[in-house]
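Chemist: Next up, input-v2.pdb (PDB, C-alpha atoms).
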MODEL        1
ATOM      1  CA  MET A 521      17.080 -24.490   6.150
ATOM      2  CA  THR A 522      14.303 -22.153   5.039
ATOM      3  CA  ILE A 523      14.888 -18.429   4.594
ATOM      4  CA  ARG A 524      12.029 -16.062   5.424
ATOM      5  CA  ALA A 525      11.690 -12.320   4.837
ATOM      6  CA  VAL A 526      10.782 -11.089   8.318
ATOM      7  CA  VAL A 527       9.385  -7.656   9.209
ATOM      8  CA  ARG A 528      11.905  -5.926  11.462
ATOM      9  CA  GLY A 529      10.507  -2.397  11.455
ATOM     10  CA  VAL A 530       7.611  -0.310  10.218
ATOM     11  CA  GLY A 531       6.963   3.424   9.920
ATOM     12  CA  HIS A 532       4.891   6.018   8.117
ATOM     13  CA  TYR A 533       4.647   9.686   7.275
ATOM     14  CA  LEU A 534       1.626  11.901   6.646
ATOM     15  CA  PRO A 535       1.699  15.490   5.367
ATOM     16  CA  GLU A 536       0.737  18.178   7.857
ATOM     17  CA  ARG A 537      -2.299  19.417   5.949
ATOM     18  CA  VAL A 538      -5.474  17.595   6.983
ATOM     19  CA  VAL A 539      -8.443  18.002   4.632
ATOM     20  CA  PRO A 540     -11.854  17.170   6.152
ATOM     21  CA  ASN A 541     -14.805  16.241   3.945
ATOM     22  CA  SER A 542     -16.422  19.585   4.662
ATOM     23  CA  GLU A 543     -13.674  21.355   2.698
ATOM     24  CA  PHE A 544     -15.066  19.880  -0.538
ATOM     25  CA  GLU A 545     -18.586  21.203   0.070
ATOM     26  CA  THR A 546     -17.687  24.662  -1.215
ATOM     27  CA  SER A 547     -16.055  23.473  -4.456
ATOM     28  CA  VAL A 548     -18.022  20.456  -5.709
ATOM     29  CA  ASP A 549     -21.577  19.140  -5.379
ATOM     30  CA  THR A 550     -21.004  16.868  -2.397
ATOM     31  CA  SER A 551     -21.342  16.758   1.377
ATOM     32  CA  ASP A 552     -19.631  15.240   4.379
ATOM     33  CA  GLU A 553     -22.578  12.858   4.793
ATOM     34  CA  TRP A 554     -22.438  11.739   1.131
ATOM     35  CA  ILE A 555     -18.729  10.947   1.344
ATOM     36  CA  ARG A 556     -18.944   9.189   4.720
ATOM     37  CA  THR A 557     -21.904   6.979   3.852
ATOM     38  CA  ARG A 558     -20.499   5.845   0.497
ATOM     39  CA  THR A 559     -16.820   5.472   1.372
ATOM     40  CA  GLY A 560     -16.236   5.684   5.124
ATOM     41  CA  ILE A 561     -13.734   8.501   4.515
ATOM     42  CA  GLU A 562     -13.815  11.439   6.947
ATOM     43  CA  ARG A 563     -10.542  13.201   6.193
ATOM     44  CA  ARG A 564      -7.291  12.839   4.284
ATOM     45  CA  HIS A 565      -3.844  14.487   4.091
ATOM     46  CA  PHE A 566      -2.514  16.514   1.161
ATOM     47  CA  ALA A 567       1.159  17.147   0.495
ATOM     48  CA  ALA A 568       2.415  20.705   0.866
ATOM     49  CA  LYS A 569       3.606  22.702  -2.110
ATOM     50  CA  GLY A 570       7.051  21.407  -3.020
ATOM     51  CA  GLU A 571       6.624  18.232  -0.943
ATOM     52  CA  THR A 572       7.289  15.202  -3.139
ATOM     53  CA  THR A 573       6.694  11.480  -3.149
ATOM     54  CA  SER A 574      10.359  10.782  -2.405
ATOM     55  CA  ASP A 575      10.311  13.286   0.469
ATOM     56  CA  MET A 576       7.476  11.392   2.109
ATOM     57  CA  GLY A 577       8.981   8.007   1.257
ATOM     58  CA  ALA A 578      12.274   8.998   2.872
ATOM     59  CA  ARG A 579      10.492  10.123   6.056
ATOM     60  CA  ALA A 580       8.599   6.813   6.248
ATOM     61  CA  ALA A 581      11.781   4.844   5.541
ATOM     62  CA  GLN A 582      13.652   6.623   8.314
ATOM     63  CA  ALA A 583      10.810   5.912  10.743
ATOM     64  CA  ALA A 584      10.909   2.221   9.798
ATOM     65  CA  LEU A 585      14.690   2.110  10.228
ATOM     66  CA  THR A 586      14.371   3.667  13.681
ATOM     67  CA  ASP A 587      11.705   1.113  14.603
ATOM     68  CA  ALA A 588      14.027  -1.663  13.429
ATOM     69  CA  GLY A 589      17.033  -0.257  15.287
ATOM     70  CA  MET A 590      18.944   0.004  12.012
ATOM     71  CA  THR A 591      20.562   2.661   9.849
ATOM     72  CA  ALA A 592      20.712   3.132   6.090
ATOM     73  CA  GLU A 593      24.114   1.427   6.106
ATOM     74  CA  ASP A 594      22.402  -1.840   7.079
ATOM     75  CA  ILE A 595      20.170  -1.877   3.981
ATOM     76  CA  ASP A 596      20.911  -3.655   0.693
ATOM     77  CA  ALA A 597      17.952  -2.509  -1.417
ATOM     78  CA  ILE A 598      15.025  -0.109  -1.559
ATOM     79  CA  ILE A 599      11.807  -0.742  -3.470
ATOM     80  CA  VAL A 600       9.290   2.088  -3.789
ATOM     81  CA  ALA A 601       5.751   1.336  -4.927
ATOM     82  CA  THR A 602       4.274   4.464  -6.494
ATOM     83  CA  SER A 603       2.231   5.748  -9.422
ATOM     84  CA  THR A 604       3.143   9.363  -8.668
ATOM     85  CA  PRO A 605       6.955   9.618  -8.766
ATOM     86  CA  ASP A 606       8.748  12.947  -8.494
ATOM     87  CA  LEU A 607      10.012  12.732 -12.083
ATOM     88  CA  THR A 608       9.648  10.477 -15.108
ATOM     89  CA  PHE A 609      13.124   9.314 -14.152
ATOM     90  CA  PRO A 610      15.207   8.622 -12.155
ATOM     91  CA  SER A 611      13.229   6.407  -9.812
ATOM     92  CA  ALA A 612      11.710   7.744  -6.620
ATOM     93  CA  ALA A 613      13.546   4.884  -4.891
ATOM     94  CA  SER A 614      16.949   6.227  -5.931
ATOM     95  CA  MET A 615      15.936   9.632  -4.568
ATOM     96  CA  VAL A 616      14.916   8.031  -1.266
ATOM     97  CA  GLN A 617      18.241   6.192  -1.249
ATOM     98  CA  ASP A 618      20.046   9.528  -1.437
ATOM     99  CA  LYS A 619      17.823  11.268   1.119
ATOM    100  CA  ILE A 620      18.368   8.642   3.806
ATOM    101  CA  GLY A 621      22.132   8.585   3.171
ATOM    102  CA  MET A 622      22.362   5.081   1.717
ATOM    103  CA  ARG A 623      25.492   4.896  -0.443
ATOM    104  CA  ARG A 624      25.492   1.199  -1.319
ATOM    105  CA  GLY A 625      23.112  -1.395  -2.684
ATOM    106  CA  PHE A 626      20.387  -0.635  -5.226
ATOM    107  CA  ALA A 627      16.958   0.964  -5.540
ATOM    108  CA  PHE A 628      14.059   0.773  -7.971
ATOM    109  CA  ASP A 629      10.356   1.563  -8.333
ATOM    110  CA  VAL A 630       7.374  -0.759  -8.831
ATOM    111  CA  GLN A 631       4.182   0.518 -10.481
ATOM    112  CA  ALA A 632       0.987  -1.443  -9.943
ATOM    113  CA  VAL A 633      -1.145   1.494  -8.720
ATOM    114  CA  CYS A 634      -3.083   0.613  -5.538
ATOM    115  CA  ALA A 635      -1.736  -2.956  -5.626
ATOM    116  CA  GLY A 636       1.808  -1.623  -5.853
ATOM    117  CA  PHE A 637       2.843  -2.326  -2.279
ATOM    118  CA  VAL A 638       1.744  -5.962  -2.506
ATOM    119  CA  PHE A 639       3.742  -6.318  -5.732
ATOM    120  CA  ALA A 640       6.737  -4.607  -4.103
ATOM    121  CA  LEU A 641       6.563  -6.930  -1.077
ATOM    122  CA  ALA A 642       6.526  -9.945  -3.388
ATOM    123  CA  ASN A 643       9.590  -8.594  -5.220
ATOM    124  CA  ALA A 644      11.411  -7.897  -1.958
ATOM    125  CA  ASN A 645      10.606 -11.404  -0.753
ATOM    126  CA  ALA A 646      12.048 -12.856  -3.972
ATOM    127  CA  LEU A 647      15.230 -10.799  -3.615
ATOM    128  CA  ILE A 648      15.714 -12.076  -0.083
ATOM    129  CA  LEU A 649      14.923 -15.715  -0.895
ATOM    130  CA  SER A 650      17.316 -15.655  -3.867
ATOM    131  CA  GLY A 651      20.140 -14.161  -1.805
ATOM    132  CA  GLN A 652      20.265 -10.939  -3.825
ATOM    133  CA  ALA A 653      19.631  -8.919  -0.676
ATOM    134  CA  ARG A 654      19.550  -9.532   3.057
ATOM    135  CA  ARG A 655      17.715  -6.409   4.181
ATOM    136  CA  VAL A 656      15.215  -4.479   2.040
ATOM    137  CA  ILE A 657      13.151  -1.378   2.721
ATOM    138  CA  VAL A 658       9.773  -1.627   0.994
ATOM    139  CA  ILE A 659       7.947   1.696   0.668
ATOM    140  CA  GLY A 660       4.549   2.773  -0.605
ATOM    141  CA  ALA A 661       4.407   6.527  -1.272
ATOM    142  CA  GLU A 662       1.929   8.657  -3.233
ATOM    143  CA  THR A 663       0.964  12.250  -3.995
ATOM    144  CA  PHE A 664      -2.361  11.485  -5.664
ATOM    145  CA  SER A 665      -3.549  15.030  -4.957
ATOM    146  CA  ARG A 666      -1.430  16.064  -7.959
ATOM    147  CA  ILE A 667      -3.423  13.973 -10.482
ATOM    148  CA  LEU A 668      -6.993  14.588  -9.311
ATOM    149  CA  ASP A 669      -9.671  16.380 -11.319
ATOM    150  CA  TRP A 670     -11.113  18.820  -8.800
ATOM    151  CA  ASP A 671     -14.346  19.092 -10.811
ATOM    152  CA  ASP A 672     -15.020  15.350 -10.607
ATOM    153  CA  ARG A 673     -16.804  14.762  -7.313
ATOM    154  CA  SER A 674     -16.766  10.986  -7.819
ATOM    155  CA  THR A 675     -12.957  10.807  -7.555
ATOM    156  CA  CYS A 676     -11.473  13.958  -6.028
ATOM    157  CA  VAL A 677     -12.938  13.230  -2.580
ATOM    158  CA  LEU A 678     -11.507   9.720  -2.406
ATOM    159  CA  PHE A 679      -7.736  10.097  -2.395
ATOM    160  CA  GLY A 680      -5.008  11.357  -0.103
ATOM    161  CA  ASP A 681      -1.223  11.564   0.146
ATOM    162  CA  GLY A 682       1.223   9.777   2.421
ATOM    163  CA  ALA A 683       3.843   7.070   2.754
ATOM    164  CA  GLY A 684       4.501   3.906   4.713
ATOM    165  CA  ALA A 685       7.514   1.597   4.901
ATOM    166  CA  LEU A 686       8.641  -1.823   6.133
ATOM    167  CA  VAL A 687      12.127  -3.146   6.777
ATOM    168  CA  LEU A 688      12.439  -6.811   5.792
ATOM    169  CA  GLU A 689      15.342  -8.999   6.885
ATOM    170  CA  ALA A 690      16.387 -12.531   5.936
ATOM    171  CA  GLN A 691      16.042 -14.926   8.858
ATOM    172  CA  GLU A 692      16.094 -18.697   9.175
ATOM    173  CA  GLY A 693      12.789 -20.477   9.570
ATOM    174  CA  THR A 694      11.517 -24.019   9.939
ATOM    175  CA  GLY A 695       9.639 -24.089   6.637
ATOM    176  CA  THR A 696       6.246 -24.270   8.354
ATOM    177  CA  PRO A 697       3.387 -21.716   8.605
ATOM    178  CA  ALA A 698       4.531 -21.070  12.179
ATOM    179  CA  ASP A 699       7.565 -19.162  10.856
ATOM    180  CA  ARG A 700       7.708 -15.401  11.173
ATOM    181  CA  GLY A 701       7.934 -13.521   7.864
ATOM    182  CA  ILE A 702       6.327 -13.721   4.442
ATOM    183  CA  LEU A 703       4.718 -17.128   3.993
ATOM    184  CA  ALA A 704       3.006 -16.749   0.605
ATOM    185  CA  THR A 705       2.198 -14.253  -2.141
ATOM    186  CA  ASP A 706      -0.360 -14.175  -4.955
ATOM    187  CA  LEU A 707      -0.144 -11.680  -7.837
ATOM    188  CA  ASN A 708      -2.556 -11.115 -10.728
ATOM    189  CA  SER A 709      -3.353  -8.647 -13.497
ATOM    190  CA  ASP A 710      -5.698  -8.327 -16.478
ATOM    191  CA  GLY A 711      -5.032  -5.462 -18.877
ATOM    192  CA  SER A 712      -8.420  -5.827 -20.573
ATOM    193  CA  TYR A 713      -9.896  -3.876 -17.645
ATOM    194  CA  ARG A 714      -7.625  -0.874 -18.242
ATOM    195  CA  ASP A 715     -10.475   1.579 -18.847
ATOM    196  CA  LEU A 716     -12.039   0.975 -15.423
ATOM    197  CA  LEU A 717      -9.329   2.887 -13.579
ATOM    198  CA  TYR A 718      -6.612   4.904 -15.297
ATOM    199  CA  VAL A 719      -4.953   8.295 -15.713
ATOM    200  CA  ASP A 720      -5.632  10.070 -19.004
ATOM    201  CA  GLY A 721      -2.076  11.292 -19.553
ATOM    202  CA  GLY A 722       1.440  10.018 -19.970
ATOM    203  CA  VAL A 723       4.859  10.524 -21.504
ATOM    204  CA  SER A 724       4.205   8.706 -24.795
ATOM    205  CA  THR A 725       0.596   9.873 -25.235
ATOM    206  CA  THR A 726      -0.282  13.390 -24.075
ATOM    207  CA  GLY A 727       3.048  14.462 -22.622
ATOM    208  CA  THR A 728       1.179  15.501 -19.464
ATOM    209  CA  ALA A 729       0.615  13.928 -16.061
ATOM    210  CA  GLY A 730      -3.138  13.668 -16.745
ATOM    211  CA  HIS A 731      -6.027  13.126 -14.339
ATOM    212  CA  LEU A 732      -7.400  10.047 -12.628
ATOM    213  CA  ARG A 733     -10.512   8.492 -14.212
ATOM    214  CA  MET A 734     -12.577   5.706 -12.667
ATOM    215  CA  GLN A 735     -15.736   3.694 -13.275
ATOM    216  CA  GLY A 736     -16.521   3.358  -9.596
ATOM    217  CA  ASN A 737     -19.317   0.783  -9.720
ATOM    218  CA  GLN A 738     -17.310  -1.576 -11.917
ATOM    219  CA  VAL A 739     -14.187  -1.215  -9.774
ATOM    220  CA  PHE A 740     -16.248  -1.959  -6.659
ATOM    221  CA  ARG A 741     -17.634  -5.164  -8.173
ATOM    222  CA  HIS A 742     -14.229  -6.442  -9.261
ATOM    223  CA  ALA A 743     -12.632  -5.446  -5.950
ATOM    224  CA  VAL A 744     -14.961  -7.458  -3.735
ATOM    225  CA  GLU A 745     -14.696 -10.533  -5.952
ATOM    226  CA  LYS A 746     -10.964 -10.447  -6.636
ATOM    227  CA  LEU A 747      -9.694  -9.393  -3.206
ATOM    228  CA  ALA A 748     -11.283 -12.295  -1.375
ATOM    229  CA  ALA A 749     -10.161 -14.709  -4.121
ATOM    230  CA  THR A 750      -6.504 -13.614  -4.012
ATOM    231  CA  ALA A 751      -6.426 -13.757  -0.218
ATOM    232  CA  HIS A 752      -7.784 -17.308  -0.250
ATOM    233  CA  ALA A 753      -5.295 -18.263  -2.991
ATOM    234  CA  ALA A 754      -2.340 -17.066  -0.902
ATOM    235  CA  LEU A 755      -3.652 -18.771   2.243
ATOM    236  CA  ASP A 756      -4.186 -22.017   0.315
ATOM    237  CA  LYS A 757      -0.499 -22.057  -0.651
ATOM    238  CA  VAL A 758       0.446 -22.568   2.996
ATOM    239  CA  GLY A 759      -2.541 -24.666   4.033
ATOM    240  CA  LEU A 760      -4.284 -21.942   6.014
ATOM    241  CA  THR A 761      -7.822 -20.512   6.002
ATOM    242  CA  GLY A 762      -9.610 -17.359   7.080
ATOM    243  CA  ALA A 763     -10.097 -18.948  10.512
ATOM    244  CA  ASP A 764      -6.318 -18.835  11.026
ATOM    245  CA  VAL A 765      -6.041 -15.114  10.270
ATOM    246  CA  ASP A 766      -5.427 -12.748  13.174
ATOM    247  CA  TRP A 767      -5.580  -9.568  11.108
ATOM    248  CA  ILE A 768      -6.563  -8.488   7.619
ATOM    249  CA  VAL A 769      -4.728  -5.299   6.654
ATOM    250  CA  PRO A 770      -6.431  -4.394   3.379
ATOM    251  CA  HIS A 771      -5.947  -1.677   0.824
ATOM    252  CA  GLN A 772      -7.820   1.273   2.307
ATOM    253  CA  ALA A 773     -10.011   2.436  -0.589
ATOM    254  CA  ASN A 774     -13.587   2.169   0.603
ATOM    255  CA  LEU A 775     -15.083   0.894   3.853
ATOM    256  CA  ARG A 776     -17.813  -0.978   2.001
ATOM    257  CA  ILE A 777     -15.218  -2.909  -0.031
ATOM    258  CA  ILE A 778     -13.225  -3.673   3.136
ATOM    259  CA  THR A 779     -16.362  -4.933   4.928
ATOM    260  CA  ALA A 780     -17.576  -7.046   1.994
ATOM    261  CA  THR A 781     -14.156  -8.642   1.536
ATOM    262  CA  ALA A 782     -13.901  -9.522   5.232
ATOM    263  CA  GLN A 783     -17.350 -11.114   5.077
ATOM    264  CA  ARG A 784     -16.321 -13.255   2.102
ATOM    265  CA  MET A 785     -13.249 -14.361   4.026
ATOM    266  CA  GLN A 786     -15.401 -15.029   7.102
ATOM    267  CA  VAL A 787     -13.210 -12.767   9.214
ATOM    268  CA  PRO A 788     -15.009 -10.405  11.646
ATOM    269  CA  MET A 789     -14.391  -6.667  11.299
ATOM    270  CA  GLU A 790     -12.872  -6.700  14.789
ATOM    271  CA  ARG A 791      -9.875  -8.394  13.140
ATOM    272  CA  VAL A 792      -9.518  -5.892  10.287
ATOM    273  CA  VAL A 793      -7.192  -2.873  10.546
ATOM    274  CA  VAL A 794      -9.129   0.125   9.204
ATOM    275  CA  THR A 795      -7.589   3.547   8.607
ATOM    276  CA  VAL A 796      -9.546   4.735   5.553
ATOM    277  CA  GLN A 797     -11.529   7.185   7.677
ATOM    278  CA  ASP A 798      -8.378   9.175   8.482
ATOM    279  CA  HIS A 799      -6.301   8.834   5.315
ATOM    280  CA  GLY A 800      -8.660   8.244   2.393
ATOM    281  CA  ASN A 801      -7.274   6.143  -0.439
ATOM    282  CA  THR A 802      -3.503   6.631  -0.497
ATOM    283  CA  SER A 803      -3.046   4.009  -3.243
ATOM    284  CA  ALA A 804       0.251   2.109  -2.837
ATOM    285  CA  ALA A 805       0.849   3.813   0.515
ATOM    286  CA  SER A 806      -2.351   2.581   2.146
ATOM    287  CA  ILE A 807      -1.256  -0.890   3.289
ATOM    288  CA  PRO A 808       2.100   0.127   4.831
ATOM    289  CA  LEU A 809       0.382   3.122   6.441
ATOM    290  CA  ALA A 810      -2.215   0.786   7.942
ATOM    291  CA  LEU A 811       0.466  -1.682   9.087
ATOM    292  CA  SER A 812       2.360   1.111  10.845
ATOM    293  CA  VAL A 813      -0.778   2.528  12.445
ATOM    294  CA  GLY A 814      -1.944  -0.963  13.402
ATOM    295  CA  LYS A 815       1.314  -1.643  15.211
ATOM    296  CA  ALA A 816       1.181   1.753  16.944
ATOM    297  CA  ARG A 817      -2.375   0.997  18.121
ATOM    298  CA  GLY A 818      -1.202  -2.289  19.628
ATOM    299  CA  GLN A 819      -3.251  -4.346  17.175
ATOM    300  CA  LEU A 820      -0.396  -6.153  15.407
ATOM    301  CA  LYS A 821       1.731  -8.277  17.703
ATOM    302  CA  GLU A 822       4.645 -10.634  17.077
ATOM    303  CA  GLY A 823       3.390 -14.001  15.906
ATOM    304  CA  ASP A 824       0.095 -12.702  14.473
ATOM    305  CA  LEU A 825      -0.940 -14.046  11.069
ATOM    306  CA  VAL A 826      -1.577 -11.083   8.779
ATOM    307  CA  VAL A 827      -3.150 -10.976   5.306
ATOM    308  CA  THR A 828      -2.738  -7.918   3.106
ATOM    309  CA  GLU A 829      -4.650  -7.586  -0.164
ATOM    310  CA  ALA A 830      -5.115  -4.823  -2.738
ATOM    311  CA  ILE A 831      -6.490  -4.063  -6.187
ATOM    312  CA  GLY A 832      -5.635  -1.163  -8.473
ATOM    313  CA  GLY A 833      -5.557   0.084 -12.030
ATOM    314  CA  GLY A 834      -4.521  -2.407 -14.652
ATOM    315  CA  LEU A 835      -6.433  -4.116 -13.243
ATOM    316  CA  ALA A 836      -3.745  -5.490 -10.926
ATOM    317  CA  TRP A 837      -4.456  -7.293  -7.686
ATOM    318  CA  GLY A 838      -2.749  -9.532  -5.189
ATOM    319  CA  SER A 839      -2.143 -10.543  -1.601
ATOM    320  CA  VAL A 840       0.583 -11.414   0.878
ATOM    321  CA  VAL A 841       0.328 -13.721   3.880
ATOM    322  CA  LEU A 842       2.891 -13.038   6.584
ATOM    323  CA  ARG A 843       3.475 -13.799  10.220
ATOM    324  CA  TRP A 844       4.305 -10.596  12.127
TER     325      TRP A 844
ENDMDL
END
Take the structure I supplied and represent it as structure tokens, if you would.
Modeler:
Amino acid sequence: MTIRAVVRGVGHYLPERVVPNSEFETSVDTSDEWIRTRTGIERRHFAAKGETTSDMGARAAQAALTDAGMTAEDIDAIIVATSTPDLTFPSAASMVQDKIGMRRGFAFDVQAVCAGFVFALANANALILSGQARRVIVIGAETFSRILDWDDRSTCVLFGDGAGALVLEAQEGTGTPADRGILATDLNSDGSYRDLLYVDGGVSTTGTAGHLRMQGNQVFRHAVEKLAATAHAALDKVGLTGADVDWIVPHQANLRIITATAQRMQVPMERVVVTVQDHGNTSAASIPLALSVGKARGQLKEGDLVVTEAIGGGLAWGSVVLRW
């Protein structure tokens, strides 16, 4: 008997405030055309004053539970991927646990920046395969608008806020790639690239939240190379190739990165879920947001082979192959 972590439900939440590219034209030296042509981003959402990462994560979790036909009482664990928690501690996950009325099980955060959701999925899969949990909510939630430097046109136009969530459940499989659920994961990091993408603040350094800093050209180069490599590595583990993939659901950072990665995987853009134009880069929230939107659009259907891949500060990168 083979146990698989199968997606039972998916949901997302976006703040009410929509910020089009044109809103930046009055504050920094940029334009709607400049942002669109270089990133593919047209708009993004920003959290309201007082709206927190755990607030958004709880809304996404509840939507995923509804989609799964479950309640908080059915859940054994919550994992939240975030780099922008409400507080230094306790975890955003424990706050989500409280907000959805879950009074049992356990909750914790994972921090791998934009790759966080992939890392959280891999952890949830391990919990399910080991028997530690039967049902896990995996959430990506971010309020990156709180750590942006509004004078830095190269970064402040890129990011947005939001949350997405999946409900995973242990189910029996045959042990073949035809099974529904997570089939393979591939995780990587290399701390020597820390200075390419980081926040210049922290508890044990400045005592402040800090601002996001990025060497965009270098991040772009590493992203295209490493994203395709990790996706192929995960597919190789189950004897599959890009030709077997129904959908790539990538980290939504930049349309040019998404396009270049798909080309390297020899997957046409018609089989790539793209939401970056509407959400910007929501870091750890971008993949679950795209999964939820992709299902709502009718793109993701039961039995489809899906590859998710992401890269973020660290550098940290990885991928998950799953059958929907």
Chemist: Written as a list in words, what is the full residue list that the PyMOL selection byres ((chain A and resi 547-562) around 7) yields on the file shown?
Modeler: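 When the PyMOL selection byres ((chain A and resi 547-562) around 7) is applied to the shown file, the picked residues are Pro540, Asn541, Ser542, Phe544, Glu545, Thr546, Arg563, Asp671, Arg673, Asn774, Leu775, Arg776, Val796, Gln797, Asp798 and Gly800 of chain A.
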Chemist: Give as a list in words the residues that the PyMOL selection byres ((chain A and resi 709) around 10) matches when applied to the coordinates above.
Modeler: Ala632, Ala635, Leu707, Asn708, Asp710, Gly711, Ser712, Tyr713, Ile831, Gly832, Gly833, Gly834, Leu835, Ala836, Trp837 and Gly838 of chain A
Chemist: Quick one: of A:Lys746, A:Arg784, A:His752, A:Arg579, who's nearest to Ala661 of chain A, counting all atoms listed in the file?
Modeler: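 Of the candidates, the smallest distance to Ala661 of chain A is held by A:Arg579.
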Chemist: So which residues touch Glu662 of chain A within 9 Å, counting only C-alpha atoms, skipping near sequence neighbours fewer than 4 positions away, as a PyMOL selection string?
Modeler: chain A and resi 572-574+576-577+601-605+680-683+802-805
Chemist: Measure the distance from atom CA of Leu668 of chain A to atom CA of Pro535 of chain A in Å and round it to one decimal.
Modeler: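 Separating atom CA of Leu668 of chain A from atom CA of Pro535 of chain A is a distance of 17.1 Å.
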Chemist: Using the chain letters and numbering of this document, enumerate as a ChimeraX atom specification the residues selected by the PyMOL selection byres ((chain A and resi 791) around 8).
Modeler: /A:766-768,787-790,792-793
Chemist: Using only C-alpha atoms, which residue out of A:Val539, A:Met521, A:Leu703, A:Ala751 lies closest to His799 of chain A?
Modeler: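 Ranking A:Val539, A:Met521, A:Leu703, A:Ala751 by distance to His799 of chain A, first place goes to A:Val539.
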Chemist: When you count all atoms listed in the file, which of these residues is closest to Ile523 of chain A: A:Ile777, A:Leu716, A:Ala690, A:Ala578?
Modeler: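 Result for the nearest residue to Ile523 of chain A: A:Ala690.
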Chemist: Which is closest to Ala830 of chain A among A:Ala640, A:Glu536, A:Cys634, A:Ala685, if we use only C-alpha atoms?
Modeler: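 Going through A:Ala640, A:Glu536, A:Cys634, A:Ala685 one by one, the smallest distance to Ala830 of chain A is for A:Cys634.
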